[in-house]
Amino acid sequence: MQDIEIADLRRLTEVIKEQYDYDFSNYAMSSFKRRIQRILELYKIHTIDMLIKKIREDKSFFGDFITEITVNVTEMFRDPSFWRELREHVIPNILLNHQTISIWHAGCSSGEEVFSMNIMLKEMGIMDKAKIIATDIDKVILEKAKAGQYPIKNMELNEKNYIRFQGKTTLSDYYKEVNGKAMLDKSLLQNVSFREHDLVNGNIFNKFDLVLCRNVMIYFNQTLQNVVLKKLHESLFKYGYLIIGSKESLIWCEIANKFIVVNNEEKFYKKIKD
Amino acid sequence: MGRFNLSNQYKAIVIGGSAGSFQGIVKILSGLPENFELPIIMCLHRLKHVRNGFVEALSIKSIKPVVEPYDKENIKMGKVYLAPANYHMSCELGNSFSLSTEDMINNSRPSIDVTLESAAYVYKNKLIGILLSGANRDGAMGMKRIKDRGGLTLIQDPAECMMDTMPTAAAKLTEIDYSLKIDEIIEFLREVNKVSKG
Ligand SMILES: C[S@@+](CC[C@H](N)C(=O)[O-])C[C@H]1O[C@@H](n2cnc3c(N)ncnc32)[C@H](O)[C@@H]1O
């Protein structure tokens with residue numbers, strides 16, 4: 001297949017911006033290009049022009065496009081050492097000064113991170129103290145998160161992570177196997193509200209004590225990372241915590257000085273300036 | 001003039017390796033001159049959920065520390081980079097890295113094809129691609145992209161490889177400029193360094 005040119009991608013993102021009010025023009029080029037390539041192959045569309053035409057004319061296709069363009073790969077208790085640090089230091093620290101904790105999962109994908117959070121909070125006996133909002137740009141993936149059913153084959157890895165997290169029981173205490181799927185215990189979502197939200201064009205809608213935005217900004221270029229980081233900063237109470245993915249860094253962002261690094265290995269940052 | 005008759009056009013080196021490549025990589029990294037100038041960008045298949053240890057093991061004998069870059073870290077001269085566990089690593093225009101958790105490609109994350117193809121896109125004919133021992137076909141498509149964009153392609157001599165599937169697959173898919181033993185690859189890289197320093 002022909003290599004996609006940058007000019008092609010520009011034309012595509014312009015059309016999407018005009019017609020649908022989503023802005024992909026500052027997504028990281030390398031992965032965005034691969035995602036487009038993948039969509040062309042998946043739908044057997046031969047050129048970018050044909051893709052543009054389809055997007056212009058077919059609203060429902062655009063929904064599928066959003067689903068395919070985003071990368072939803074996730075795990076329960078991904079980076080177990082991070083979850084241990086959260087349990088042992090960060091959450092207790094927040095509770096020193098607060099009766100309740102408000103948490104935002106920005107880019108929650110199919111919800112594994114949210115379930116992990118509540119399993120951890122439940123084991124700490126403080127799930128009723130937390131209010132969680134979980135958002136993603138992709139409607140389809142949010143439905144999956146709400147359903148809380150995962151392919152049983154994923155549970156092996158999730159279980160491994162849980163063991164390394166050193167949870168109190170076994171992960172299988174939190175789900176039932178039904179028709180080859182792991183159905184997560186729905187009571188784990190009772191303090192969670194899922195919402196569609198675009199970090200790029202969306203508004204700031206609340207303030208939180210803890211914001212997790214892990215493995216989302218890696219799909220943005222540096223310009224967009226700066227824009228989104230400002231929004232995450234504004235969505236945090238002063239002295240609130242921001243957590244990004246284990247291979248992300250804030251140090252080259254414009255407002256890095258408004259945070260301090262609490263734990264560099266596990267990527268905990270604390271907002272210290274408004 | 002050296003054995004390989006090289007020009008000074010090159011700006012980066014990418015290396016892919018899988019099963020049976022560890023010893024070779026260690027040998028290369030310990031055999032380079034300390035003033036080696038071009039960035040070395042490595043994608044090696046590795047255990048997915050072991051975040052620590054590998055880079056340390058590679059660094060012990062290496063002429064310079066091996067670093068796993070952060071997302072959007074700049075690619076700098078004189079550095080040796082390794083794709084981190086469980087992330088694909090790409091090069092971006094403007095010479096930085098992007099990491100990604102996209103699905104596995106060729107059963108691998110990091111995938112060698114991802115690193116090689118993106119590097120080919122960024123560095124075009126200024127890139128040298130090296131593919132070492134491995135038991136699958138990851139990297140073959142990446143080597144083809146490097147060749148198609150005018151870069152130079154090297155494989156580890158299949159006769160020397162513990163697993164020759166990977167270099168052989170590349171050789172079937174595209175023209176390979178050199179098939180070399182590890183010692184010769186070191187000799188080659190030394191010559192690259194001499195030429196690029198002028
Ligand atoms: C790789 S997942 C990260 C899941 C989880 N946080 C983790 O680390 O395992 C990235 C998610 O970011 C979402 N995303 C991408 N662009 C977004 C945007 N502009 N606004 C909100 N979410 C976005 C994708 O839909 C995807 O579900």
# chains A, B, ... in the order shown; residues from 1 in each chain; ligands from 1

call {"tool": "closest_atom_pairs", "arguments": {"of": "chain A", "to": "ligand 1", "cutoff": "6 Å", "atoms": "only C-alpha atoms and all ligand atoms", "output": "JSON lines"}}
result
{"residue": "A:Thr70", "atom": "CA", "partner": "ligand 1", "partner_atom_place_in_ligand_line": "25 (O)", "distance": 4.6}
{"residue": "A:Val71", "atom": "CA", "partner": "ligand 1", "partner_atom_place_in_ligand_line": "26 (C)", "distance": 5.1}
{"residue": "A:Asn72", "atom": "CA", "partner": "ligand 1", "partner_atom_place_in_ligand_line": "27 (O)", "distance": 4.2}
{"residue": "A:Val73", "atom": "CA", "partner": "ligand 1", "partner_atom_place_in_ligand_line": "1 (C)", "distance": 4.9}
{"residue": "A:Thr74", "atom": "CA", "partner": "ligand 1", "partner_atom_place_in_ligand_line": "9 (O)", "distance": 3.7}
{"residue": "A:Glu75", "atom": "CA", "partner": "ligand 1", "partner_atom_place_in_ligand_line": "9 (O)", "distance": 5.5}
{"residue": "A:Gly107", "atom": "CA", "partner": "ligand 1", "partner_atom_place_in_ligand_line": "12 (O)", "distance": 3.9}
{"residue": "A:Cys108", "atom": "CA", "partner": "ligand 1", "partner_atom_place_in_ligand_line": "6 (N)", "distance": 4.8}
{"residue": "A:Ser109", "atom": "CA", "partner": "ligand 1", "partner_atom_place_in_ligand_line": "27 (O)", "distance": 3.3}
{"residue": "A:Glu113", "atom": "CA", "partner": "ligand 1", "partner_atom_place_in_ligand_line": "5 (C)", "distance": 6.0}
{"residue": "A:Asp136", "atom": "CA", "partner": "ligand 1", "partner_atom_place_in_ligand_line": "22 (N)", "distance": 4.1}
{"residue": "A:Ile137", "atom": "CA", "partner": "ligand 1", "partner_atom_place_in_ligand_line": "21 (C)", "distance": 4.1}
{"residue": "A:Asp138", "atom": "CA", "partner": "ligand 1", "partner_atom_place_in_ligand_line": "25 (O)", "distance": 4.9}
{"residue": "A:His197", "atom": "CA", "partner": "ligand 1", "partner_atom_place_in_ligand_line": "21 (C)", "distance": 5.7}
{"residue": "A:Asp198", "atom": "CA", "partner": "ligand 1", "partner_atom_place_in_ligand_line": "20 (N)", "distance": 3.6}
{"residue": "A:Leu199", "atom": "CA", "partner": "ligand 1", "partner_atom_place_in_ligand_line": "20 (N)", "distance": 3.8}
{"residue": "A:Val200", "atom": "CA", "partner": "ligand 1", "partner_atom_place_in_ligand_line": "19 (N)", "distance": 4.8}
{"residue": "A:Cys213", "atom": "CA", "partner": "ligand 1", "partner_atom_place_in_ligand_line": "6 (N)", "distance": 5.9}
{"residue": "A:Arg214", "atom": "CA", "partner": "ligand 1", "partner_atom_place_in_ligand_line": "8 (O)", "distance": 4.2}
{"residue": "A:Asn215", "atom": "CA", "partner": "ligand 1", "partner_atom_place_in_ligand_line": "8 (O)", "distance": 4.6}
{"residue": "A:Val216", "atom": "CA", "partner": "ligand 1", "partner_atom_place_in_ligand_line": "10 (C)", "distance": 4.4}

call {"tool": "interface_residues", "arguments": {"of": "chain B", "to": "chain A", "cutoff": "8 Å", "atoms": "only C-alpha atoms", "output": "list in words"}}
result
Pro69, Tyr70, Asp71, Lys72, Ser90, Cys91, Glu92, Ser98, Leu99, Ser100, Thr101, Glu102, Asp103 and Ser118 of chain B

call {"tool": "write_last_selection", "arguments": {"atoms": "all heavy atoms", "output": "short mmCIF file (atom, residue, chain, number, x, y, z; two decimals), in the first residue's frame"}}
result
data_model
loop_
_atom_site.label_atom_id
_atom_site.label_comp_id
_atom_site.auth_asym_id
_atom_site.auth_seq_id
_atom_site.Cartn_x
_atom_site.Cartn_y
_atom_site.Cartn_z
N PRO B 69 13.50 5.91 26.05
CA PRO B 69 13.04 7.30 26.01
C PRO B 69 11.63 7.45 26.55
O PRO B 69 10.83 6.52 26.51
CB PRO B 69 13.07 7.63 24.51
CG PRO B 69 12.90 6.32 23.83
CD PRO B 69 13.57 5.31 24.71
N TYR B 70 11.35 8.64 27.07
CA TYR B 70 9.99 9.02 27.37
C TYR B 70 9.28 9.40 26.08
O TYR B 70 9.92 9.74 25.09
CB TYR B 70 9.98 10.23 28.31
CG TYR B 70 10.30 9.88 29.72
CD1 TYR B 70 11.48 10.30 30.32
CD2 TYR B 70 9.42 9.10 30.46
CE1 TYR B 70 11.78 9.96 31.63
CE2 TYR B 70 9.71 8.76 31.76
CZ TYR B 70 10.88 9.19 32.34
OH TYR B 70 11.17 8.84 33.63
N ASP B 71 7.97 9.39 26.11
CA ASP B 71 7.19 9.88 24.99
C ASP B 71 7.61 11.32 24.67
O ASP B 71 7.77 12.13 25.58
CB ASP B 71 5.70 9.85 25.35
CG ASP B 71 4.85 10.44 24.24
OD1 ASP B 71 4.90 9.90 23.11
OD2 ASP B 71 4.17 11.45 24.48
N LYS B 72 7.81 11.62 23.40
CA LYS B 72 8.19 12.94 22.86
C LYS B 72 9.59 13.41 23.26
O LYS B 72 9.93 14.57 23.11
CB LYS B 72 7.15 14.03 23.20
CG LYS B 72 5.72 13.72 22.77
CD LYS B 72 5.58 13.56 21.29
CE LYS B 72 4.29 12.98 20.77
NZ LYS B 72 3.58 11.96 21.45
N SER B 90 8.05 4.91 18.00
CA SER B 90 8.18 5.48 16.66
C SER B 90 9.04 6.72 16.67
O SER B 90 9.14 7.40 17.69
CB SER B 90 6.82 5.91 16.11
OG SER B 90 5.87 4.92 16.25
N CYS B 91 9.59 7.04 15.50
CA CYS B 91 10.26 8.32 15.32
C CYS B 91 9.25 9.29 14.70
O CYS B 91 8.43 8.90 13.88
CB CYS B 91 11.44 8.19 14.37
SG CYS B 91 12.66 6.99 14.94
N GLU B 92 9.33 10.55 15.12
CA GLU B 92 8.46 11.59 14.57
C GLU B 92 9.30 12.57 13.76
O GLU B 92 10.47 12.79 14.08
CB GLU B 92 7.78 12.38 15.71
CG GLU B 92 6.82 11.59 16.55
CD GLU B 92 5.44 11.40 15.92
OE1 GLU B 92 5.16 12.02 14.86
OE2 GLU B 92 4.64 10.63 16.48
N SER B 98 7.80 8.92 19.71
CA SER B 98 6.44 8.77 20.23
C SER B 98 6.28 7.35 20.70
O SER B 98 6.75 6.42 20.04
CB SER B 98 5.40 9.02 19.14
OG SER B 98 5.01 10.36 19.10
N LEU B 99 5.61 7.17 21.82
CA LEU B 99 5.30 5.82 22.29
C LEU B 99 3.83 5.56 22.08
O LEU B 99 3.03 6.49 21.99
CB LEU B 99 5.67 5.69 23.76
CG LEU B 99 7.12 6.00 24.10
CD1 LEU B 99 7.37 5.89 25.59
CD2 LEU B 99 8.06 5.06 23.34
N SER B 100 3.46 4.31 22.00
CA SER B 100 2.06 3.98 21.74
C SER B 100 1.74 2.59 22.25
O SER B 100 2.60 1.71 22.29
CB SER B 100 1.82 4.07 20.23
OG SER B 100 0.88 3.12 19.82
N THR B 101 0.48 2.42 22.66
CA THR B 101 0.05 1.10 23.14
C THR B 101 -0.86 0.40 22.14
O THR B 101 -1.66 -0.44 22.51
CB THR B 101 -0.69 1.20 24.49
OG1 THR B 101 -1.86 2.01 24.28
CG2 THR B 101 0.15 1.82 25.56
N GLU B 102 -0.76 0.77 20.87
CA GLU B 102 -1.55 0.08 19.85
C GLU B 102 -1.40 -1.44 19.97
O GLU B 102 -0.44 -1.94 20.57
CB GLU B 102 -1.03 0.49 18.45
CG GLU B 102 -1.48 1.84 17.98
CD GLU B 102 -0.53 2.39 16.94
OE1 GLU B 102 -0.73 2.10 15.76
OE2 GLU B 102 0.43 3.09 17.32
N ASP B 103 -2.34 -2.15 19.35
CA ASP B 103 -2.30 -3.61 19.38
C ASP B 103 -0.93 -4.14 18.99
O ASP B 103 -0.18 -3.48 18.29
CB ASP B 103 -3.32 -4.17 18.39
CG ASP B 103 -4.73 -3.93 18.86
OD1 ASP B 103 -5.01 -4.15 20.05
OD2 ASP B 103 -5.55 -3.47 18.04
N SER B 118 8.73 3.89 10.86
CA SER B 118 8.64 5.31 11.22
C SER B 118 10.00 5.99 11.05
O SER B 118 10.08 7.14 10.63
CB SER B 118 8.11 5.48 12.64
OG SER B 118 9.00 4.90 13.56
#

call {"tool": "residues_around", "arguments": {"residues": "region 172-179 of chain B", "least_positions_apart": "4", "cutoff": "6 Å", "atoms": "only C-alpha atoms", "output": "list in words"}}
result
Lys144, Thr153, Leu154, Ile155, Gln156 and Asp157 of chain B

call {"tool": "select_by_dssp", "arguments": {"residues": "region 96-188 of chain B", "states": "strand (DSSP E)", "output": "ChimeraX atom specification"}}
result
/B:96-100,127-131,152-156,178-180

call {"tool": "closest_residue", "arguments": {"among": "A:Arg10, A:His89, A:Lys131, A:His46", "to": "Ser102 (chain A)", "atoms": "only C-alpha atoms"}}
result
A:Lys131

call {"tool": "atom_distance", "arguments": {"atom1": "CA of Tyr239 (chain A)", "atom2": "CA of Leu212 (chain A)"}}
result
14.6 Å

call {"tool": "closest_residue", "arguments": {"among": "B:Ser111, B:Ser59, B:Thr168, B:Asn193", "to": "Ala85 (chain B)", "atoms": "only C-alpha atoms"}}
result
B:Ser111

call {"tool": "select_by_dssp", "arguments": {"residues": "region 194-270 of chain A", "states": "alpha helix (DSSP H)", "output": "list in words"}}
result
Gln222, Thr223, Leu224, Gln225, Asn226, Val227, Val228, Leu229, Lys230, Lys231, Leu232, His233 and Glu234 of chain A

call {"tool": "residues_around", "arguments": {"residues": "Met104 (chain B)", "least_positions_apart": "6", "cutoff": "12 Å", "atoms": "only C-alpha atoms", "output": "PyMOL selection string"}}
result
(chain A and resi 71+73) or (chain B and resi 45+48+86-88+110-114+138)

call {"tool": "write_last_selection", "arguments": {"atoms": "all heavy atoms", "output": "tab-separated table (two decimals), in the first residue's frame"}}
result
chain	number	residue	atom	x	y	z
A	71	VAL	N	-6.91	4.51	20.21
A	71	VAL	CA	-6.24	3.29	20.66
A	71	VAL	C	-6.75	2.96	22.05
A	71	VAL	O	-6.55	3.72	22.99
A	71	VAL	CB	-4.71	3.48	20.69
A	71	VAL	CG1	-4.02	2.27	21.28
A	71	VAL	CG2	-4.19	3.77	19.29
A	73	VAL	N	-6.31	0.05	23.87
A	73	VAL	CA	-5.65	-1.04	24.60
A	73	VAL	C	-5.40	-0.65	26.06
A	73	VAL	O	-4.84	0.40	26.34
A	73	VAL	CB	-4.30	-1.40	23.94
A	73	VAL	CG1	-3.57	-2.46	24.74
A	73	VAL	CG2	-4.54	-1.88	22.51
B	45	HIS	N	12.78	-7.42	20.86
B	45	HIS	CA	11.67	-8.12	21.51
B	45	HIS	C	12.08	-8.47	22.92
B	45	HIS	O	13.20	-8.91	23.17
B	45	HIS	CB	11.31	-9.39	20.73
B	45	HIS	CG	10.68	-9.07	19.41
B	45	HIS	ND1	10.58	-9.99	18.40
B	45	HIS	CD2	10.10	-7.94	18.94
B	45	HIS	CE1	9.96	-9.44	17.37
B	45	HIS	NE2	9.67	-8.19	17.66
B	48	LYS	N	7.08	-8.61	28.09
B	48	LYS	CA	6.16	-7.48	28.04
B	48	LYS	C	5.97	-6.80	29.39
B	48	LYS	O	5.79	-5.61	29.47
B	48	LYS	CB	4.80	-7.97	27.56
B	48	LYS	CG	4.31	-7.22	26.34
B	48	LYS	CD	3.06	-7.84	25.76
B	48	LYS	CE	1.84	-7.53	26.58
B	48	LYS	NZ	0.64	-8.18	26.04
B	86	ASN	N	6.43	-3.14	26.41
B	86	ASN	CA	4.98	-2.98	26.25
B	86	ASN	C	4.54	-1.70	25.52
B	86	ASN	O	3.37	-1.35	25.56
B	86	ASN	CB	4.30	-3.07	27.62
B	86	ASN	CG	2.91	-3.67	27.53
B	86	ASN	OD1	2.51	-4.18	26.48
B	86	ASN	ND2	2.16	-3.61	28.61
B	87	TYR	N	5.46	-0.98	24.92
B	87	TYR	CA	5.11	0.17	24.09
B	87	TYR	C	5.74	0.02	22.70
B	87	TYR	O	6.89	-0.41	22.61
B	87	TYR	CB	5.65	1.47	24.68
B	87	TYR	CG	4.91	1.96	25.90
B	87	TYR	CD1	5.33	1.60	27.17
B	87	TYR	CD2	3.81	2.80	25.78
B	87	TYR	CE1	4.66	2.06	28.30
B	87	TYR	CE2	3.13	3.26	26.90
B	87	TYR	CZ	3.55	2.89	28.16
B	87	TYR	OH	2.90	3.34	29.26
B	88	HIS	N	5.00	0.42	21.67
B	88	HIS	CA	5.64	0.62	20.37
B	88	HIS	C	6.39	1.93	20.43
B	88	HIS	O	5.94	2.90	21.06
B	88	HIS	CB	4.59	0.71	19.26
B	88	HIS	CG	3.84	-0.56	19.03
B	88	HIS	ND1	4.45	-1.74	18.68
B	88	HIS	CD2	2.52	-0.82	19.08
B	88	HIS	CE1	3.53	-2.68	18.53
B	88	HIS	NE2	2.34	-2.16	18.78
B	110	PRO	N	7.08	-3.98	22.02
B	110	PRO	CA	7.32	-3.18	20.82
B	110	PRO	C	7.49	-4.04	19.55
B	110	PRO	O	8.05	-5.13	19.62
B	110	PRO	CB	8.64	-2.47	21.13
B	110	PRO	CG	9.35	-3.36	22.08
B	110	PRO	CD	8.26	-3.98	22.91
B	111	SER	N	7.03	-3.49	18.45
B	111	SER	CA	7.23	-4.16	17.17
B	111	SER	C	8.36	-3.47	16.40
B	111	SER	O	8.45	-2.24	16.36
B	111	SER	CB	5.94	-4.13	16.36
B	111	SER	OG	6.22	-3.99	14.98
B	112	ILE	N	9.22	-4.30	15.83
B	112	ILE	CA	10.38	-3.78	15.08
B	112	ILE	C	9.91	-3.05	13.82
B	112	ILE	O	10.43	-2.00	13.46
B	112	ILE	CB	11.34	-4.93	14.73
B	112	ILE	CG1	11.85	-5.59	16.02
B	112	ILE	CG2	12.52	-4.42	13.91
B	112	ILE	CD1	12.59	-6.91	15.80
B	113	ASP	N	8.87	-3.59	13.17
B	113	ASP	CA	8.34	-2.92	11.98
B	113	ASP	C	7.94	-1.48	12.28
B	113	ASP	O	8.20	-0.57	11.49
B	113	ASP	CB	7.11	-3.68	11.44
B	113	ASP	CG	7.51	-4.80	10.47
B	113	ASP	OD1	8.66	-4.79	10.00
B	113	ASP	OD2	6.66	-5.68	10.20
B	114	VAL	N	7.28	-1.27	13.42
B	114	VAL	CA	6.82	0.07	13.78
B	114	VAL	C	8.01	1.03	13.88
B	114	VAL	O	8.01	2.12	13.30
B	114	VAL	CB	6.03	0.05	15.10
B	114	VAL	CG1	5.84	1.46	15.65
B	114	VAL	CG2	4.67	-0.62	14.89
B	138	ASP	N	8.93	-10.20	12.15
B	138	ASP	CA	8.87	-8.77	12.47
B	138	ASP	C	10.14	-8.11	11.94
B	138	ASP	O	11.22	-8.69	12.00
B	138	ASP	CB	8.76	-8.60	14.00
B	138	ASP	CG	8.32	-7.20	14.39
B	138	ASP	OD1	7.79	-6.46	13.53
B	138	ASP	OD2	8.51	-6.83	15.57

call {"tool": "atom_distance", "arguments": {"atom1": "CA of Ile243 (chain A)", "atom2": "CA of Phe268 (chain A)"}}
result
4.9 Å

call {"tool": "residues_around", "arguments": {"residues": "region 3-8 of chain B", "least_positions_apart": "3", "cutoff": "7 Å", "atoms": "only C-alpha atoms", "output": "VMD selection string"}}
result
chain B and resid 188 192 195 to 196

call {"tool": "write_last_selection", "arguments": {"atoms": "all heavy atoms", "output": "compact mmCIF listing (two decimals), in the first residue's frame"}}
result
# COMPACT_ATOMS: atom_id res chain seq x y z
N PHE B 188 31.85 -2.18 10.36
CA PHE B 188 31.03 -1.30 9.53
C PHE B 188 30.67 -0.02 10.28
O PHE B 188 30.84 1.09 9.77
CB PHE B 188 29.76 -2.05 9.10
CG PHE B 188 28.72 -1.20 8.43
CD1 PHE B 188 28.73 -1.01 7.06
CD2 PHE B 188 27.74 -0.57 9.19
CE1 PHE B 188 27.77 -0.21 6.45
CE2 PHE B 188 26.78 0.24 8.59
CZ PHE B 188 26.79 0.42 7.22
N VAL B 192 31.39 3.92 9.60
CA VAL B 192 30.34 4.94 9.54
C VAL B 192 30.74 6.14 10.41
O VAL B 192 30.62 7.29 10.01
CB VAL B 192 28.99 4.38 10.06
CG1 VAL B 192 27.96 5.50 10.25
CG2 VAL B 192 28.44 3.33 9.11
N VAL B 195 33.59 8.20 8.87
CA VAL B 195 33.15 8.98 7.71
C VAL B 195 32.26 10.14 8.14
O VAL B 195 32.38 11.26 7.64
CB VAL B 195 32.39 8.06 6.72
CG1 VAL B 195 31.76 8.88 5.61
CG2 VAL B 195 33.32 7.01 6.16
N SER B 196 31.37 9.89 9.11
CA SER B 196 30.42 10.96 9.48
C SER B 196 31.10 12.07 10.27
O SER B 196 30.63 13.19 10.34
CB SER B 196 29.24 10.38 10.27
OG SER B 196 29.64 10.03 11.55

call {"tool": "atom_distance", "arguments": {"atom1": "CA of Leu93 (chain B)", "atom2": "CA of Asn35 (chain B)"}}
result
25.5 Å

call {"tool": "residues_around", "arguments": {"residues": "Asp164 (chain B)", "least_positions_apart": "2", "cutoff": "12 Å", "atoms": "only C-alpha atoms", "output": "PyMOL selection string"}}
result
chain B and resi 17-21+131-137+155-162+166-171+179

call {"tool": "residues_around", "arguments": {"residues": "Lys17 (chain A)", "least_positions_apart": "5", "cutoff": "12 Å", "atoms": "only C-alpha atoms", "output": "MDAnalysis selection string"}}
result
chainID A and resid 10:12 22:26 52 55:56 200:201

call {"tool": "decode", "arguments": {"residues": "region 52-67 of chain B", "atoms": "N, CA, C and O atoms", "output": "mmCIF file, in the first residue's frame"}}
result
data_model
loop_
_atom_site.group_PDB
_atom_site.id
_atom_site.type_symbol
_atom_site.label_atom_id
_atom_site.label_comp_id
_atom_site.auth_asym_id
_atom_site.auth_seq_id
_atom_site.Cartn_x
_atom_site.Cartn_y
_atom_site.Cartn_z
ATOM 1 N N ASN B 52 11.841 -3.397 34.345
ATOM 2 C CA ASN B 52 13.225 -3.114 34.733
ATOM 3 C C ASN B 52 14.143 -4.293 34.437
ATOM 4 O O ASN B 52 13.701 -5.408 34.267
ATOM 5 N N GLY B 53 15.426 -4.012 34.380
ATOM 6 C CA GLY B 53 16.411 -5.079 34.266
ATOM 7 C C GLY B 53 17.070 -5.169 32.909
ATOM 8 O O GLY B 53 18.287 -5.248 32.805
ATOM 9 N N PHE B 54 16.265 -5.112 31.864
ATOM 10 C CA PHE B 54 16.781 -5.337 30.520
ATOM 11 C C PHE B 54 17.757 -4.245 30.101
ATOM 12 O O PHE B 54 18.864 -4.507 29.635
ATOM 13 N N VAL B 55 17.324 -3.022 30.317
ATOM 14 C CA VAL B 55 18.154 -1.893 29.902
ATOM 15 C C VAL B 55 19.448 -1.850 30.720
ATOM 16 O O VAL B 55 20.523 -1.523 30.202
ATOM 17 N N GLU B 56 19.350 -2.263 31.981
ATOM 18 C CA GLU B 56 20.535 -2.317 32.828
ATOM 19 C C GLU B 56 21.504 -3.381 32.299
ATOM 20 O O GLU B 56 22.707 -3.142 32.198
ATOM 21 N N ALA B 57 20.941 -4.539 31.936
ATOM 22 C CA ALA B 57 21.773 -5.626 31.423
ATOM 23 C C ALA B 57 22.501 -5.195 30.144
ATOM 24 O O ALA B 57 23.673 -5.518 29.944
ATOM 25 N N LEU B 58 21.802 -4.444 29.302
ATOM 26 C CA LEU B 58 22.427 -3.978 28.063
ATOM 27 C C LEU B 58 23.490 -2.924 28.338
ATOM 28 O O LEU B 58 24.472 -2.812 27.604
ATOM 29 N N SER B 59 23.251 -2.137 29.370
ATOM 30 C CA SER B 59 24.144 -1.000 29.638
ATOM 31 C C SER B 59 25.490 -1.411 30.239
ATOM 32 O O SER B 59 26.475 -0.699 30.088
ATOM 33 N N ILE B 60 25.516 -2.564 30.916
ATOM 34 C CA ILE B 60 26.716 -2.942 31.667
ATOM 35 C C ILE B 60 27.984 -2.824 30.827
ATOM 36 O O ILE B 60 28.929 -2.159 31.207
ATOM 37 N N LYS B 61 27.944 -3.436 29.637
ATOM 38 C CA LYS B 61 29.165 -3.450 28.835
ATOM 39 C C LYS B 61 29.154 -2.403 27.727
ATOM 40 O O LYS B 61 30.128 -2.234 27.011
ATOM 41 N N SER B 62 28.038 -1.721 27.589
ATOM 42 C CA SER B 62 27.902 -0.776 26.475
ATOM 43 C C SER B 62 28.830 0.417 26.657
ATOM 44 O O SER B 62 29.124 0.841 27.775
ATOM 45 N N ILE B 63 29.265 0.978 25.547
ATOM 46 C CA ILE B 63 30.123 2.159 25.606
ATOM 47 C C ILE B 63 29.385 3.356 26.183
ATOM 48 O O ILE B 63 29.979 4.273 26.696
ATOM 49 N N LYS B 64 28.085 3.400 26.045
ATOM 50 C CA LYS B 64 27.313 4.463 26.694
ATOM 51 C C LYS B 64 26.037 3.875 27.275
ATOM 52 O O LYS B 64 25.603 2.812 26.855
ATOM 53 N N PRO B 65 25.453 4.570 28.240
ATOM 54 C CA PRO B 65 24.229 4.048 28.832
ATOM 55 C C PRO B 65 23.126 3.918 27.786
ATOM 56 O O PRO B 65 23.009 4.756 26.895
ATOM 57 N N VAL B 66 22.353 2.859 27.892
ATOM 58 C CA VAL B 66 21.201 2.673 27.010
ATOM 59 C C VAL B 66 19.995 3.300 27.701
ATOM 60 O O VAL B 66 19.763 3.042 28.876
ATOM 61 N N VAL B 67 19.256 4.148 27.000
ATOM 62 C CA VAL B 67 18.092 4.776 27.631
ATOM 63 C C VAL B 67 16.797 4.381 26.946
ATOM 64 O O VAL B 67 16.733 4.245 25.727
#
